[in-house]
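Working notes for the structure below.
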Amino acid sequence: MSTLPPGFRIQRETNTEEFFINMGPQHPSTHGALRLALRMDGETIVELVPHFGYIHRGMEKQAESMSYLQYIALSDRQDYLTAIQNNLGVVIALEKGMNVGVPEKAEYIRVMLQELGRIASHLVFYGCFGGDLGGQTCLLFGFKEREMIHDILEEVTGSRLTTNFFRPGGSRYDVPDTFIPRVKAFLDHLEGAMHDYERFLSKNIIVLERSVGIGILSKEDAIAYGCSGPVLRASGVNFDVRRANPYSIYSQLDFDVPVFQNGDCYDRYKIRIAEIHESMKILRQCIDKFPKEGPWRSKEKPVRLPVGRYYSEIETAKGLYATYVVAATTGEKPYRIHTRGPSFPHIAALNKMVQGHKISDLVTIMATLDPVIPEIDR
Amino acid sequence: MGIINYAPKILDPIPGGKYVVNLVDYVVNWARANSIWPLTYGTSCCAIEMMSSSMARYDIARFGSEVFRASPRQADLFILAGTITRRMAPAIQMLWEQIPGPKYAIAMGACTISGGPFIYDNYAVVRGAQNLIPVDVFVPGCPPRPEALFHGLLTLREKILKETCRHPWHAGRPKDVSTMDRYREAAKTWAALEEMKDEEMAEARAKFKEEHPDYKSAFKPIRIKKEEFPEVPREPKGTAGLSQSELFAKLRAEFPKVTVHTHSEDPIEDVVAAIPADCPLEVLVEPEDYLPMVKFLKENPDFDMDYLIDITAIDYDDHFDMVTMLRSIGKGHKLFLSVQLKKDFSISEEKRPTALLATIDSVSSLYPGAEIKEREVYDMFGINFKGHPDQRRIFLDKDFVGYPLRKDFTHSEIIRRPV
């Protein structure tokens, strides 16, 4: 069996006919430009090889000729569903280099926008998960509430999707007076809407049939492949950067980290629903504690980093998002910036999850991993 | 459309025939312009806005385009949502060939118009979709709002309504004009216009000055109020698990050659103790110690580094720094191993850009997740991993020449600097 295409490894003796299927790069359920090569035995997947790079935009090379502030704008375009969270990841690394602190009000603004971004991303997951299983209604549902978050984000940052909002020491602007009432109104609305959402999918017999026991990722595999975020926590590992290495003011807030034990598609769905509820809890606390007065950023300084290496990590909706900044000379330009996105290891672990399943199950598993391909390829 | 295109030839000579032709035209155009079915295609950010536009709030169904087809053979419209990379370009051309005519393309977003944010210093992005396929409508924005996409769709609708059986749709040809040429052309035209305007206005300005010798403009630019902000000290938040000093002492007991990067004369323990609590400890490791050390860190119960965050590298003049980021899920501490790999300068200078300049052991036998990370480092830096099960390029084409994240990587044809 030396004639296998590149990437395939399993050697097996079989009487049945094996064949190979190409999926992507333009395919509705690969969530972007990802190409999967499948090795099939009848209808069963024997092995899967992902091919990346169809949306490799050379961001890291480009960042070397940009200033630090310009890179914040590039980080929007990595994981565009959680753009506001990526901004924070970059900014925290820069703050470590510049050694600037953040006033209390700015921290609250940051945490609230973070959690709004998390809800928005999970709502897209909800929509795509339902849509990939054949329920187009879910797609309409998920995007309905997401538009309300986009309205808030647009009012605060000036942009719906690519926010480019945070700066070392705070943010670009103060939040408007309408921010808190709008978030409050949105939470009250989402409370009722979430009830509908869960009634829609959580006990739906089609969803249960297609997701319970499908694509099981064991605890050991999840850690070994470097999975993070909801995918890791659905496999029974209690790891959340907000708890393990609290950044911003997460250590002062009271929230739970939901953990599920089975590691199948249904658990990965349930955990995201539970996280939306936790995010709402955090937002309600922030609304109560939000300081009305006080500075919303610290003193503005030129963004120049002294020589050194700076690392930051945050928990985005997808998982561990780390930024590694190398400054070889004191100045405005980085020597190198590297980003560790959460989706990359998830796709690497995909092969483990799909073996022995059908192609329709692959679509379910891909949906519950919730990958964003530009963040993998960068 | 075939038969209808012959209608004028047959019917026009007949008295009153052209009215019949016009009526048929009207009906056909009405049908075509109100049911433009787009292809489900999206690579990046713009795709999300395209999805938003088809959802409940914006509702693309008002314009008859709600039927997103997964197969190009059923689609009329190709909305190019998202950046086009060199690797994706052949797939886009193939998709375009597969759509049956009459077919239309909308270039959505700055990336597909000119390269957008990725126009300069970039080796991977195609600067403009019109170099690949003929584009009918350009929708600017990064990403454009759904309303902007609708404006593009309505513009396309107007274009379709102008197509009659006397001027039928014809397949356009891709224009292979580089973006820079068009940009320079536009800049030239703009400068000429400004000059012309200046000349035209000179007389009026002189006249105005004569009539109002002491005129002062009442215009005041609106600025955001300059506020004074206090300086806030940064409080490093402590990390869980072993502290940096403990980590370093324990590691040094096992591997005495381990150091940290420093320029000061102080004892190494003081340097480690001075690292802020939220900056992970980064130790310098000899290449031959690397694999045993990773194995030790993974298996030793004190360290218990079971989680690989990332592997990356940094290119310097004479060496690569390969950084392996490890973490313990149970305990919570992090440790970064930095391996200095001397570049192999015995390779002749002409061959150096395309040659693998350094070799290191692969850790993919310990961490399965390291496999793709090492492939990325191999792809971007040209570092050879000994014992890697599947060392192939991961992001770039297998016939790509050179390793882009090296500092001396140049490619005058595809990398463009700002003018």
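Residues are named by chain letter and number: chains run A, B, ... in the order of the structure tokens, numbers start at 1 in each chain, and ligands are numbered from 1 in the order shown.
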* Asked: Do you know which residues are at most 7 Å from segment 274-279 of chain A counting only C-alpha atoms, after dropping those on the same chain fewer than 3 positions away, and could you put them as a ChimeraX atom specification?
  -> /A:115,119,255-256,258,270-271,282-283
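When only C-alpha atoms are used to compute distances to Ile329 of chain B, the closest of the residues A:Gly331, A:Pro306, A:Pro25, A:Gly226 turns out to be A:Gly226.
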* If you count only C-alpha atoms, which residues fall within 6 Å of Asn34 of chain B, apart from same-chain ones fewer than 2 positions away, as a ChimeraX atom specification? -> /B:31-32,64
Selection export as a PDB file, in the first residue's frame, atoms kept: N, CA and C atoms:
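Result file is part01.pdb:
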```
ATOM      1  N   ALA B  31     -37.960  38.605 -15.329  1.00  0.00           N
ATOM      2  CA  ALA B  31     -37.761  37.326 -14.642  1.00  0.00           C
ATOM      3  C   ALA B  31     -36.308  37.171 -14.216  1.00  0.00           C
ATOM      4  N   ARG B  32     -35.386  37.519 -15.121  1.00  0.00           N
ATOM      5  CA  ARG B  32     -33.970  37.280 -14.815  1.00  0.00           C
ATOM      6  C   ARG B  32     -33.470  38.201 -13.719  1.00  0.00           C
ATOM      7  N   GLY B  64     -35.034  38.739  -4.307  1.00  0.00           N
ATOM      8  CA  GLY B  64     -35.106  37.498  -5.061  1.00  0.00           C
ATOM      9  C   GLY B  64     -33.820  36.720  -5.108  1.00  0.00           C
TER      10      GLY B  64
END
```
* Apply DSSP to the backbone of this structure and, from segment 110-309 of chain A, keep only the residues in alpha helix (DSSP H); write these as an MDAnalysis selection string. => chainID A and resid 110:132 136:157 179:201 205:211 219:224 229:234 241:244 265:289
* Would you return as number ranges by chain the members of segment 34-95 of chain A that DSSP assigns to strand (DSSP E or B) on this structure's backbone? => A: 35-41, 44-51
Okay, now the selection with C-alpha atoms, as a PDB file, in the first residue's frame?
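Saved the output as part-v3.pdb:
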```pdb
ATOM      1  CA  ARG A  35     -10.172  21.096   2.042  1.00  0.00           C
ATOM      2  CA  LEU A  36     -10.638  17.663   3.534  1.00  0.00           C
ATOM      3  CA  ALA A  37      -9.418  14.520   1.816  1.00  0.00           C
ATOM      4  CA  LEU A  38     -11.444  11.499   2.913  1.00  0.00           C
ATOM      5  CA  ARG A  39     -10.551   7.850   2.585  1.00  0.00           C
ATOM      6  CA  MET A  40     -13.748   5.864   2.458  1.00  0.00           C
ATOM      7  CA  ASP A  41     -14.655   2.253   2.918  1.00  0.00           C
ATOM      8  CA  THR A  44     -17.572   4.801   6.382  1.00  0.00           C
ATOM      9  CA  ILE A  45     -14.673   7.179   6.810  1.00  0.00           C
ATOM     10  CA  VAL A  46     -11.395   5.333   7.325  1.00  0.00           C
ATOM     11  CA  GLU A  47      -9.126   8.323   7.519  1.00  0.00           C
ATOM     12  CA  LEU A  48      -9.242  12.055   7.020  1.00  0.00           C
ATOM     13  CA  VAL A  49      -6.475  14.420   5.986  1.00  0.00           C
ATOM     14  CA  PRO A  50      -7.079  18.178   6.229  1.00  0.00           C
ATOM     15  CA  HIS A  51      -5.388  20.462   3.702  1.00  0.00           C
TER      16      HIS A  51
END
```
* Would you list the contacts of segment 39-46 of chain B as number ranges by chain, taking every protein, DNA or RNA residue within 6 Å and counting only C-alpha atoms, but skipping same-chain residues closer than 4 positions in sequence? => A: 32-33, 80; B: 68-70, 75, 78, 81-82, 143
Any chance you can output those residues with N, CA and C atoms as a CSV table (one decimal), in the first residue's frame?
```csv
chain,number,residue,atom,x,y,z
A,32,GLY,N,-15.8,27.6,5.4
A,32,GLY,CA,-14.7,28.5,4.8
A,32,GLY,C,-13.9,27.6,3.8
A,33,ALA,N,-12.7,28.1,3.5
A,33,ALA,CA,-11.9,27.5,2.5
A,33,ALA,C,-11.0,26.4,3.1
A,80,TYR,N,-12.9,36.4,12.7
A,80,TYR,CA,-13.7,37.5,12.6
A,80,TYR,C,-15.0,37.4,13.4
B,68,PHE,N,-29.4,30.5,-2.0
B,68,PHE,CA,-28.0,30.3,-2.1
B,68,PHE,C,-27.7,28.9,-2.6
B,69,ARG,N,-27.1,28.7,-3.8
B,69,ARG,CA,-26.9,27.4,-4.3
B,69,ARG,C,-25.6,26.8,-3.9
B,70,ALA,N,-25.5,25.6,-3.5
B,70,ALA,CA,-24.2,25.0,-3.1
B,70,ALA,C,-23.5,24.6,-4.3
B,75,ALA,N,-26.2,28.2,-10.2
B,75,ALA,CA,-26.1,29.6,-9.7
B,75,ALA,C,-26.0,30.5,-10.9
B,78,PHE,N,-21.9,35.1,-8.7
B,78,PHE,CA,-20.8,34.6,-7.9
B,78,PHE,C,-20.4,35.8,-7.0
B,81,ALA,N,-16.9,36.7,-1.8
B,81,ALA,CA,-16.8,37.2,-0.4
B,81,ALA,C,-15.6,36.7,0.2
B,82,GLY,N,-14.7,37.6,0.4
B,82,GLY,CA,-13.5,37.3,1.2
B,82,GLY,C,-12.2,37.3,0.3
B,143,PRO,N,-15.5,44.7,6.4
B,143,PRO,CA,-16.3,44.2,5.3
B,143,PRO,C,-17.5,45.2,5.0
```
I need the chain A residues near chain B as a PDB file with N, CA and C atoms, in the first residue's frame; criterion: at most 6 Å, counting only C-alpha atoms.
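Result saved to part.pdb:
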```
ATOM      1  N   GLY A  32     -15.777  27.643   5.396  1.00  0.00           N
ATOM      2  CA  GLY A  32     -14.725  28.451   4.810  1.00  0.00           C
ATOM      3  C   GLY A  32     -13.906  27.620   3.841  1.00  0.00           C
ATOM      4  N   ALA A  33     -12.736  28.125   3.539  1.00  0.00           N
ATOM      5  CA  ALA A  33     -11.920  27.482   2.515  1.00  0.00           C
ATOM      6  C   ALA A  33     -11.016  26.426   3.129  1.00  0.00           C
ATOM      7  N   PHE A  52      -4.723  22.604   4.568  1.00  0.00           N
ATOM      8  CA  PHE A  52      -4.926  23.995   4.949  1.00  0.00           C
ATOM      9  C   PHE A  52      -4.366  24.912   3.869  1.00  0.00           C
ATOM     10  N   GLY A  53      -4.435  26.175   4.146  1.00  0.00           N
ATOM     11  CA  GLY A  53      -3.684  27.136   3.346  1.00  0.00           C
ATOM     12  C   GLY A  53      -4.458  27.804   2.244  1.00  0.00           C
ATOM     13  N   TYR A  54      -5.748  27.476   2.058  1.00  0.00           N
ATOM     14  CA  TYR A  54      -6.485  28.120   0.977  1.00  0.00           C
ATOM     15  C   TYR A  54      -6.834  29.560   1.302  1.00  0.00           C
ATOM     16  N   ILE A  55      -6.698  29.951   2.561  1.00  0.00           N
ATOM     17  CA  ILE A  55      -6.922  31.347   2.918  1.00  0.00           C
ATOM     18  C   ILE A  55      -5.726  31.835   3.750  1.00  0.00           C
ATOM     19  N   ARG A  57      -3.043  34.151   4.368  1.00  0.00           N
ATOM     20  CA  ARG A  57      -2.880  35.508   3.865  1.00  0.00           C
ATOM     21  C   ARG A  57      -1.558  36.129   4.275  1.00  0.00           C
ATOM     22  N   GLY A  58      -0.689  35.343   4.888  1.00  0.00           N
ATOM     23  CA  GLY A  58       0.630  35.862   5.221  1.00  0.00           C
ATOM     24  C   GLY A  58       0.621  36.995   6.211  1.00  0.00           C
ATOM     25  N   LYS A  61       3.968  37.603   8.225  1.00  0.00           N
ATOM     26  CA  LYS A  61       5.011  38.279   7.466  1.00  0.00           C
ATOM     27  C   LYS A  61       4.681  39.747   7.306  1.00  0.00           C
ATOM     28  N   GLN A  62       3.419  40.010   7.028  1.00  0.00           N
ATOM     29  CA  GLN A  62       3.011  41.389   6.812  1.00  0.00           C
ATOM     30  C   GLN A  62       3.168  42.214   8.087  1.00  0.00           C
ATOM     31  N   TYR A  80     -12.855  36.359  12.690  1.00  0.00           N
ATOM     32  CA  TYR A  80     -13.734  37.517  12.570  1.00  0.00           C
ATOM     33  C   TYR A  80     -15.008  37.365  13.390  1.00  0.00           C
ATOM     34  N   VAL A 100       1.882  49.393  30.993  1.00  0.00           N
ATOM     35  CA  VAL A 100       0.818  50.325  31.357  1.00  0.00           C
ATOM     36  C   VAL A 100      -0.326  49.542  31.981  1.00  0.00           C
ATOM     37  N   GLY A 101      -1.002  50.162  32.905  1.00  0.00           N
ATOM     38  CA  GLY A 101      -2.147  49.546  33.550  1.00  0.00           C
ATOM     39  C   GLY A 101      -3.436  50.034  32.921  1.00  0.00           C
ATOM     40  N   LEU A 140     -31.739  31.245  10.924  1.00  0.00           N
ATOM     41  CA  LEU A 140     -32.426  32.529  11.028  1.00  0.00           C
ATOM     42  C   LEU A 140     -32.523  32.973  12.479  1.00  0.00           C
ATOM     43  N   ILE A 223      -6.388  16.728  25.323  1.00  0.00           N
ATOM     44  CA  ILE A 223      -5.218  17.430  25.867  1.00  0.00           C
ATOM     45  C   ILE A 223      -4.022  17.245  24.942  1.00  0.00           C
ATOM     46  N   ALA A 224      -3.833  16.006  24.443  1.00  0.00           N
ATOM     47  CA  ALA A 224      -2.648  15.720  23.640  1.00  0.00           C
ATOM     48  C   ALA A 224      -2.634  16.539  22.357  1.00  0.00           C
ATOM     49  N   TYR A 225      -3.794  16.736  21.744  1.00  0.00           N
ATOM     50  CA  TYR A 225      -3.825  17.495  20.501  1.00  0.00           C
ATOM     51  C   TYR A 225      -3.808  18.996  20.752  1.00  0.00           C
ATOM     52  N   GLY A 226      -3.946  19.423  21.993  1.00  0.00           N
ATOM     53  CA  GLY A 226      -3.916  20.854  22.285  1.00  0.00           C
ATOM     54  C   GLY A 226      -5.232  21.545  22.035  1.00  0.00           C
ATOM     55  N   ASN A 245      -5.570  31.483  34.319  1.00  0.00           N
ATOM     56  CA  ASN A 245      -4.695  32.659  34.344  1.00  0.00           C
ATOM     57  C   ASN A 245      -5.558  33.892  34.203  1.00  0.00           C
ATOM     58  N   SER A 298      -6.044  54.858  30.469  1.00  0.00           N
ATOM     59  CA  SER A 298      -4.917  55.457  31.166  1.00  0.00           C
ATOM     60  C   SER A 298      -4.220  56.433  30.222  1.00  0.00           C
ATOM     61  N   LYS A 299      -3.202  57.083  30.717  1.00  0.00           N
ATOM     62  CA  LYS A 299      -2.537  58.137  29.948  1.00  0.00           C
ATOM     63  C   LYS A 299      -2.025  57.599  28.610  1.00  0.00           C
TER      64      LYS A 299
END
```
* Distance query Asp177 of chain A at most 12 Å, only C-alpha atoms, self and fewer than 2 positions along chain excluded, as a PyMOL selection string -> chain A and resi 152+155-156+174-175+179-183+290+292-293
May I have the residues from that selection written out with N, CA and C atoms, as a PDB file, in the first residue's frame?
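Saved the output as out_38.pdb:
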```
ATOM      1  N   ILE A 152     -25.134  46.918  19.224  1.00  0.00           N
ATOM      2  CA  ILE A 152     -24.411  47.470  20.378  1.00  0.00           C
ATOM      3  C   ILE A 152     -22.952  47.707  20.001  1.00  0.00           C
ATOM      4  N   GLU A 155     -22.525  50.711  17.842  1.00  0.00           N
ATOM      5  CA  GLU A 155     -22.667  51.967  18.569  1.00  0.00           C
ATOM      6  C   GLU A 155     -21.386  52.270  19.353  1.00  0.00           C
ATOM      7  N   VAL A 156     -20.782  51.237  19.913  1.00  0.00           N
ATOM      8  CA  VAL A 156     -19.606  51.464  20.755  1.00  0.00           C
ATOM      9  C   VAL A 156     -18.356  51.636  19.912  1.00  0.00           C
ATOM     10  N   ASP A 174     -14.704  56.165  24.716  1.00  0.00           N
ATOM     11  CA  ASP A 174     -15.552  55.829  25.847  1.00  0.00           C
ATOM     12  C   ASP A 174     -16.832  55.191  25.297  1.00  0.00           C
ATOM     13  N   VAL A 175     -17.544  54.457  26.167  1.00  0.00           N
ATOM     14  CA  VAL A 175     -18.825  53.915  25.711  1.00  0.00           C
ATOM     15  C   VAL A 175     -19.876  55.008  25.825  1.00  0.00           C
ATOM     16  N   PHE A 179     -25.113  52.655  26.365  1.00  0.00           N
ATOM     17  CA  PHE A 179     -24.527  51.305  26.327  1.00  0.00           C
ATOM     18  C   PHE A 179     -25.161  50.380  27.364  1.00  0.00           C
ATOM     19  N   ILE A 180     -25.152  50.821  28.645  1.00  0.00           N
ATOM     20  CA  ILE A 180     -25.656  49.961  29.717  1.00  0.00           C
ATOM     21  C   ILE A 180     -27.149  49.652  29.542  1.00  0.00           C
ATOM     22  N   PRO A 181     -28.004  50.668  29.285  1.00  0.00           N
ATOM     23  CA  PRO A 181     -29.417  50.319  29.070  1.00  0.00           C
ATOM     24  C   PRO A 181     -29.638  49.352  27.917  1.00  0.00           C
ATOM     25  N   ARG A 182     -28.831  49.512  26.859  1.00  0.00           N
ATOM     26  CA  ARG A 182     -29.032  48.622  25.709  1.00  0.00           C
ATOM     27  C   ARG A 182     -28.618  47.204  26.028  1.00  0.00           C
ATOM     28  N   VAL A 183     -27.492  47.060  26.747  1.00  0.00           N
ATOM     29  CA  VAL A 183     -27.068  45.703  27.112  1.00  0.00           C
ATOM     30  C   VAL A 183     -28.113  45.069  28.012  1.00  0.00           C
ATOM     31  N   PHE A 290     -20.861  48.485  37.222  1.00  0.00           N
ATOM     32  CA  PHE A 290     -20.227  49.371  36.248  1.00  0.00           C
ATOM     33  C   PHE A 290     -20.007  50.762  36.832  1.00  0.00           C
ATOM     34  N   LYS A 292     -19.790  54.575  37.066  1.00  0.00           N
ATOM     35  CA  LYS A 292     -20.327  55.643  36.200  1.00  0.00           C
ATOM     36  C   LYS A 292     -19.252  56.691  35.935  1.00  0.00           C
ATOM     37  N   GLU A 293     -18.468  57.000  36.956  1.00  0.00           N
ATOM     38  CA  GLU A 293     -17.441  58.028  36.816  1.00  0.00           C
ATOM     39  C   GLU A 293     -16.081  57.357  36.664  1.00  0.00           C
TER      40      GLU A 293
END
```
* Leaving out segment 28-30 of chain B and any residue of its chain fewer than 6 positions from it, which residues lie within 9 Å of it when counting only C-alpha atoms, given as JSON, numbers by chain? -> {"B": [160, 161, 162, 163, 164]}
Selection from above, N, CA and C atoms, as a PDB file, in the first residue's frame, can you write it?
```
ATOM      1  N   ILE B 160     -28.562  44.130 -15.571  1.00  0.00           N
ATOM      2  CA  ILE B 160     -29.251  43.026 -16.246  1.00  0.00           C
ATOM      3  C   ILE B 160     -30.437  43.567 -17.035  1.00  0.00           C
ATOM      4  N   LEU B 161     -31.130  44.561 -16.470  1.00  0.00           N
ATOM      5  CA  LEU B 161     -32.309  45.087 -17.163  1.00  0.00           C
ATOM      6  C   LEU B 161     -31.933  45.760 -18.474  1.00  0.00           C
ATOM      7  N   LYS B 162     -30.690  46.228 -18.595  1.00  0.00           N
ATOM      8  CA  LYS B 162     -30.274  46.877 -19.837  1.00  0.00           C
ATOM      9  C   LYS B 162     -29.947  45.879 -20.928  1.00  0.00           C
ATOM     10  N   GLU B 163     -29.749  44.629 -20.549  1.00  0.00           N
ATOM     11  CA  GLU B 163     -29.421  43.627 -21.554  1.00  0.00           C
ATOM     12  C   GLU B 163     -30.686  43.221 -22.292  1.00  0.00           C
ATOM     13  N   THR B 164     -30.704  43.464 -23.588  1.00  0.00           N
ATOM     14  CA  THR B 164     -31.864  43.063 -24.374  1.00  0.00           C
ATOM     15  C   THR B 164     -31.421  41.998 -25.352  1.00  0.00           C
TER      16      THR B 164
END
```
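With only C-alpha atoms taken into account, the protein and nucleic acid residues at most 9 Å from Pro291 of chain A (excluding it and anything under 5 positions from it in its own chain) are Glu104, Lys105 and Tyr108 of chain A.
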Pull N, CA and C atoms from the residues just selected and write them as a short mmCIF file (atom, residue, chain, number, x, y, z; two decimals), in the first residue's frame.
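Generated file (result09.cif):
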```
data_model
loop_
_atom_site.label_atom_id
_atom_site.label_comp_id
_atom_site.auth_asym_id
_atom_site.auth_seq_id
_atom_site.Cartn_x
_atom_site.Cartn_y
_atom_site.Cartn_z
N GLU A 104 -10.26 51.07 36.13
CA GLU A 104 -11.32 50.12 36.42
C GLU A 104 -12.44 50.16 35.38
N LYS A 105 -12.82 51.37 35.00
CA LYS A 105 -13.94 51.46 34.05
C LYS A 105 -13.60 50.79 32.73
N TYR A 108 -14.04 47.14 32.92
CA TYR A 108 -15.44 46.71 32.79
C TYR A 108 -15.91 46.76 31.35
#
```
